[in-house]
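Asker: Before I ask anything, let me first share the structure, which is written out below as structure tokens.
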Amino acid sequence: MKKFVEYVFLTLGATIVAMGLETMLAPNGLVDGGVTALSIMANALWGIPIYVVFLGLNIPILIFTAKEVGKTFVIRTLYANIITTVGLVLFKSILPITQSEVLIVLYGGVILGVGIGIVVKFGGAIDGTEMLAIWFNQHFRYPIASFLLVVNAFIFTIAAFVYSLEQAMLSLAVFYIVTKMINYVLDGLNHGKSVMIISEKPDEVGDSIINQLNISITFLYGEGGFLGERKKVIYCITNRFVFSKLKSVVLAADPSAIMEASYVCETSGIDRSLILPKANPSSNKS
């Protein structure tokens with residue numbers, strides 16, 4: 001059942017990608033980078049169907065990099081590419097949703113980013129350049145991000161000649177939104193904050209957090225780097241909305257406390273600060 005659900009999402013993501021390409025970007029002369037960009041430009045220059053170049057480049061790249069990316073990734077990527085191809089054929093006859101450049105950049109980027117993000121989240125890929133980036137990283141230790149930056153800079157330069165400098169600039173904006181949406185899909189919606197608190201009054205601060213915010217805390221034991229004294233460091237996880245209140249509570253208990261907060265993604269478990277009544281302080285310490 002789990003695998004069936006995963007393939008349902010792969011199908012959904014690939015279909016969304018095809019819809020974004022054929023109803024938003026390609027008819028309006030915009031690209032998003034990688035193999036899909038080359039496919040759209042080949043269609044504009046020589047009338048070659050987008051899916052022909054899309055599969056014609058992705059499949060050889062997938063075969064070439066199969067050893068590095070693994071069997072499961074190859075199968076799921078091939079499946080996603082086939083679904084995308086079917087979608088490109090089906091959506092070809094649909095008129096563009098809009099011709100507004102602003103709407104194309106915004107919604108085209110969002111649609112494409114969500115589709116690609118879903119496919120990647122469930123173990124596949126849409127574009128062959130990411131597979132090549134992995135291959136170069138495995139064989140030459142070349143950073144994946146740097147490889148993609150170089151390749152896409154070259155592709156957007158070509159787009160400026162195929163279309164215009166303005167179109168290339170708009171395409172770069174699309175690419176930026178696509179990248180952000182992919183990260184958003186992969187990181188998840190349930191963002192939180194992990195907080196470390198260094199205080200000379202750890203027990204007092206900890207009790208204030210538990211009593212006033214009902215947030216579970218954990219004491220970590222550290223050692224001062226200068227004097228070498230042992231310290232209790234308070235660690236807890238909360239959400240973005242409670243953090244400002246947490247900060248006030250901590251500084252009220254110890255104005256000299258040091259706080260460090262970092263974003264965390266895909267937090268799981270119960271958000272005690274929102275749904276549980278106040279509990280006995282001793283029961284929340286671990």
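Labels for the structure tokens follow display order: chains A, B, ..., residues from 1 in each chain, ligands from 1.
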DSSP on the backbone, then: every residue of range 6-211 of chain A marked strand (DSSP E), written as a list in words.

Answerer: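 The strand (DSSP E) subset of range 6-211 of chain A is Gly192, Lys193, Ser194, Val195, Met196, Ile197 and Ile198 of chain A.
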
Asker: List every residue of range 118-284 of chain A that DSSP, applied to the backbone of this structure, places in helix (DSSP H, G or I), and write the result as a ChimeraX atom specification.

Answerer: /A:118-121,128-140,144-162,165-187,202-213,240-253,272-275,281-284

Asker: Which residues are close to range 157-170 of chain A, i.e. within 9 Å by only C-alpha atoms, leaving aside same-chain residues fewer than 6 positions away? Reply as a list in words.

Answerer: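 Final neighbour list, sorted by chain and number: Gly29, Leu30, Val31, Ala37, Leu38, Met41, Ala44, Leu45, Glu101, Val102 and Val105 of chain A.
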
Asker: Those residues you just picked out, can you put them in a file as an mmCIF file, in the first residue's frame with N, CA, C and O atoms?

Answerer:
data_model
loop_
_atom_site.group_PDB
_atom_site.id
_atom_site.type_symbol
_atom_site.label_atom_id
_atom_site.label_comp_id
_atom_site.auth_asym_id
_atom_site.auth_seq_id
_atom_site.Cartn_x
_atom_site.Cartn_y
_atom_site.Cartn_z
ATOM 1 N N GLY A 29 7.052 31.218 -24.316
ATOM 2 C CA GLY A 29 8.482 31.431 -24.529
ATOM 3 C C GLY A 29 9.299 31.565 -23.271
ATOM 4 O O GLY A 29 10.285 32.305 -23.244
ATOM 5 N N LEU A 30 8.920 30.846 -22.205
ATOM 6 C CA LEU A 30 9.694 30.870 -20.967
ATOM 7 C C LEU A 30 10.181 29.458 -20.651
ATOM 8 O O LEU A 30 9.545 28.464 -21.014
ATOM 9 N N VAL A 31 11.328 29.381 -19.982
ATOM 10 C CA VAL A 31 11.908 28.084 -19.624
ATOM 11 C C VAL A 31 12.234 28.090 -18.134
ATOM 12 O O VAL A 31 12.186 29.127 -17.479
ATOM 13 N N ALA A 37 14.171 22.985 -20.254
ATOM 14 C CA ALA A 37 14.441 24.237 -20.964
ATOM 15 C C ALA A 37 14.927 23.960 -22.377
ATOM 16 O O ALA A 37 14.496 24.601 -23.347
ATOM 17 N N LEU A 38 15.830 23.000 -22.520
ATOM 18 C CA LEU A 38 16.335 22.641 -23.853
ATOM 19 C C LEU A 38 15.204 22.092 -24.718
ATOM 20 O O LEU A 38 15.161 22.359 -25.933
ATOM 21 N N MET A 41 13.080 25.053 -25.923
ATOM 22 C CA MET A 41 13.786 25.842 -26.943
ATOM 23 C C MET A 41 13.883 25.089 -28.271
ATOM 24 O O MET A 41 13.770 25.698 -29.342
ATOM 25 N N ALA A 44 10.679 25.558 -29.966
ATOM 26 C CA ALA A 44 10.527 26.902 -30.520
ATOM 27 C C ALA A 44 11.353 27.089 -31.784
ATOM 28 O O ALA A 44 10.924 27.766 -32.731
ATOM 29 N N LEU A 45 12.546 26.475 -31.831
ATOM 30 C CA LEU A 45 13.439 26.666 -32.980
ATOM 31 C C LEU A 45 13.083 25.773 -34.159
ATOM 32 O O LEU A 45 13.049 26.233 -35.306
ATOM 33 N N GLU A 101 2.701 38.038 -18.217
ATOM 34 C CA GLU A 101 4.043 37.623 -17.822
ATOM 35 C C GLU A 101 4.162 37.458 -16.316
ATOM 36 O O GLU A 101 4.830 36.547 -15.827
ATOM 37 N N VAL A 102 3.510 38.336 -15.570
ATOM 38 C CA VAL A 102 3.563 38.251 -14.113
ATOM 39 C C VAL A 102 2.925 36.947 -13.630
ATOM 40 O O VAL A 102 3.493 36.223 -12.794
ATOM 41 N N VAL A 105 5.124 33.874 -14.606
ATOM 42 C CA VAL A 105 6.296 33.709 -13.746
ATOM 43 C C VAL A 105 5.891 33.172 -12.375
ATOM 44 O O VAL A 105 6.475 32.215 -11.864
#

Asker: Distance table requested - range 206-225 of chain A against range 177-195 of chain A, cut-off 12 Å, only C-alpha atoms: one row per qualifying residue with the closest atom pair and its distance in Å to one decimal, ordered by chain and rising residue number, as a tab-separated table.

Answerer:
residue	atom	partner	partner_atom	distance
A:Ile209	CA	A:Val195	CA	11.9
A:Ile215	CA	A:Val195	CA	11.5
A:Ser216	CA	A:Val195	CA	11.7
A:Ile217	CA	A:Val195	CA	9.8
A:Thr218	CA	A:Val195	CA	10.6
A:Phe219	CA	A:Val195	CA	11.8

Asker: Which residue gives the smallest distance to Gly117 in chain A among A:Tyr235, A:Phe4, A:Phe9, A:Tyr79, with only C-alpha atoms counted?

Answerer: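 The closest residue to Gly117 in chain A is A:Phe9.
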
Asker: Taking into account only C-alpha atoms, which residue in the set A:Ile237, A:Ile104, A:Val205, A:Ile40 is nearest to Ala252 in chain A?

Answerer: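 Looking only at the distances to Ala252 in chain A, the closest residue turns out to be A:Val205.
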
Asker: So, counting only C-alpha atoms, which residue among A:Leu10, A:Leu246, A:Met19, A:Ile75 is closest to Phe122 in chain A?

Answerer: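 Residue with the minimum atom-to-atom distance to Phe122 in chain A: A:Leu10.
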
Asker: For Ala145 in chain A, please output as an NGL selection string all residues within 12 Å (counting only C-alpha atoms; exclusion window: fewer than 6 positions along the same chain).

Answerer: :A and (129-130 or 132-134 or 136-137 or 151-152 or 179)

Asker: For those residues, write N, CA, C and O atoms to a file as an mmCIF file, in the first residue's frame.

Answerer:
data_model
loop_
_atom_site.group_PDB
_atom_site.id
_atom_site.type_symbol
_atom_site.label_atom_id
_atom_site.label_comp_id
_atom_site.auth_asym_id
_atom_site.auth_seq_id
_atom_site.Cartn_x
_atom_site.Cartn_y
_atom_site.Cartn_z
ATOM 1 N N THR A 129 19.639 16.913 -15.682
ATOM 2 C CA THR A 129 20.819 17.643 -15.211
ATOM 3 C C THR A 129 21.143 17.311 -13.754
ATOM 4 O O THR A 129 22.313 17.299 -13.363
ATOM 5 N N GLU A 130 20.106 17.045 -12.949
ATOM 6 C CA GLU A 130 20.372 16.658 -11.568
ATOM 7 C C GLU A 130 21.104 15.324 -11.506
ATOM 8 O O GLU A 130 21.989 15.131 -10.666
ATOM 9 N N LEU A 132 23.165 14.143 -13.833
ATOM 10 C CA LEU A 132 24.543 14.420 -14.233
ATOM 11 C C LEU A 132 25.326 15.076 -13.098
ATOM 12 O O LEU A 132 26.513 14.795 -12.905
ATOM 13 N N ALA A 133 24.645 15.935 -12.348
ATOM 14 C CA ALA A 133 25.308 16.598 -11.223
ATOM 15 C C ALA A 133 25.758 15.566 -10.192
ATOM 16 O O ALA A 133 26.862 15.667 -9.634
ATOM 17 N N ILE A 134 24.906 14.556 -9.932
ATOM 18 C CA ILE A 134 25.262 13.489 -8.996
ATOM 19 C C ILE A 134 26.450 12.691 -9.527
ATOM 20 O O ILE A 134 27.386 12.369 -8.795
ATOM 21 N N PHE A 136 28.860 13.679 -11.647
ATOM 22 C CA PHE A 136 30.075 14.481 -11.546
ATOM 23 C C PHE A 136 30.557 14.563 -10.098
ATOM 24 O O PHE A 136 31.764 14.564 -9.834
ATOM 25 N N ASN A 137 29.621 14.641 -9.178
ATOM 26 C CA ASN A 137 29.997 14.696 -7.773
ATOM 27 C C ASN A 137 30.646 13.392 -7.322
ATOM 28 O O ASN A 137 31.633 13.402 -6.566
ATOM 29 N N VAL A 151 25.581 24.839 -15.451
ATOM 30 C CA VAL A 151 24.753 24.329 -16.550
ATOM 31 C C VAL A 151 23.588 25.269 -16.838
ATOM 32 O O VAL A 151 23.318 25.618 -17.995
ATOM 33 N N ASN A 152 22.909 25.701 -15.802
ATOM 34 C CA ASN A 152 21.745 26.550 -16.014
ATOM 35 C C ASN A 152 22.117 27.958 -16.453
ATOM 36 O O ASN A 152 21.365 28.602 -17.183
ATOM 37 N N THR A 179 12.838 26.612 -7.732
ATOM 38 C CA THR A 179 13.792 26.120 -6.740
ATOM 39 C C THR A 179 13.264 26.288 -5.324
ATOM 40 O O THR A 179 13.359 25.374 -4.485
#

Asker: So which one's closest to Gly33 in chain A, A:Val119, A:Ala14, A:Ile126, A:Val89? Using only C-alpha atoms, please.

Answerer: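 Between A:Val119, A:Ala14, A:Ile126, A:Val89, the residue approaching Gly33 in chain A most closely is A:Ile126.
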
Asker: From the list A:Leu25, A:Ile258, A:Ile61, A:Val249, which residue is nearest Leu103 in chain A when using only C-alpha atoms?

Answerer: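 Counting only C-alpha atoms, the residue closest to Leu103 in chain A is A:Leu25.
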
Asker: Choose the residue, out of A:Val233, A:Val86, A:Ile50, A:Met259, that has the smallest atom-to-atom separation from Leu21 in chain A; count only C-alpha atoms.

Answerer: A:Ile50

Asker: Could you please determine the separation between CA of Ser93 in chain A and CA of Val120 in chain A in Å, to one decimal place?

Answerer: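 Pair CA of Ser93 in chain A / CA of Val120 in chain A returns 27.4 Å.
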
Asker: Rounded to one decimal, what separation in Å do you get between CA of Ala42 in chain A and CA of Leu78 in chain A?

Answerer: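 These atoms are spaced 21.6 Å apart.
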
Asker: Just the residues within 12 Å of Lys3 in chain A, please, counting only C-alpha atoms, with nothing from its chain fewer than 2 positions along; format it as a short mmCIF file (atom, residue, chain, number, x, y, z; two decimals) with N, CA, C and O atoms, in the first residue's frame.

Answerer:
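Output contents, as saved in around_12.cif:
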data_model
loop_
_atom_site.label_atom_id
_atom_site.label_comp_id
_atom_site.auth_asym_id
_atom_site.auth_seq_id
_atom_site.Cartn_x
_atom_site.Cartn_y
_atom_site.Cartn_z
N MET A 1 0.83 -1.21 0.00
CA MET A 1 0.00 0.00 0.00
C MET A 1 0.86 1.26 0.00
O MET A 1 0.58 2.24 -0.68
N VAL A 5 0.82 4.20 -2.84
CA VAL A 5 0.61 5.62 -2.55
C VAL A 5 1.75 6.45 -3.10
O VAL A 5 1.54 7.54 -3.66
N GLU A 6 2.97 5.96 -2.97
CA GLU A 6 4.14 6.69 -3.48
C GLU A 6 4.04 6.87 -5.00
O GLU A 6 4.35 7.95 -5.52
N TYR A 7 3.60 5.83 -5.69
CA TYR A 7 3.48 5.94 -7.15
C TYR A 7 2.30 6.83 -7.55
O TYR A 7 2.34 7.47 -8.61
N VAL A 8 1.29 6.88 -6.71
CA VAL A 8 0.19 7.82 -6.96
C VAL A 8 0.72 9.25 -6.91
O VAL A 8 0.40 10.08 -7.77
N PHE A 9 1.56 9.54 -5.92
CA PHE A 9 2.13 10.89 -5.81
C PHE A 9 3.13 11.16 -6.93
O PHE A 9 3.23 12.29 -7.42
N LEU A 10 3.88 10.16 -7.34
CA LEU A 10 4.78 10.34 -8.49
C LEU A 10 3.98 10.69 -9.74
O LEU A 10 4.37 11.57 -10.52
N THR A 72 16.27 1.84 -7.49
CA THR A 72 14.96 2.41 -7.15
C THR A 72 14.78 3.78 -7.76
O THR A 72 13.72 4.10 -8.31
N ARG A 76 11.88 4.82 -10.57
CA ARG A 76 10.90 5.88 -10.28
C ARG A 76 11.09 7.08 -11.19
O ARG A 76 10.10 7.72 -11.58
N PHE A 122 9.28 11.72 -3.43
CA PHE A 122 8.92 10.31 -3.45
C PHE A 122 9.90 9.47 -4.27
O PHE A 122 9.56 8.41 -4.77
N GLY A 123 11.14 9.96 -4.37
CA GLY A 123 12.23 9.11 -4.85
C GLY A 123 12.54 9.14 -6.32
O GLY A 123 13.25 8.25 -6.81
#
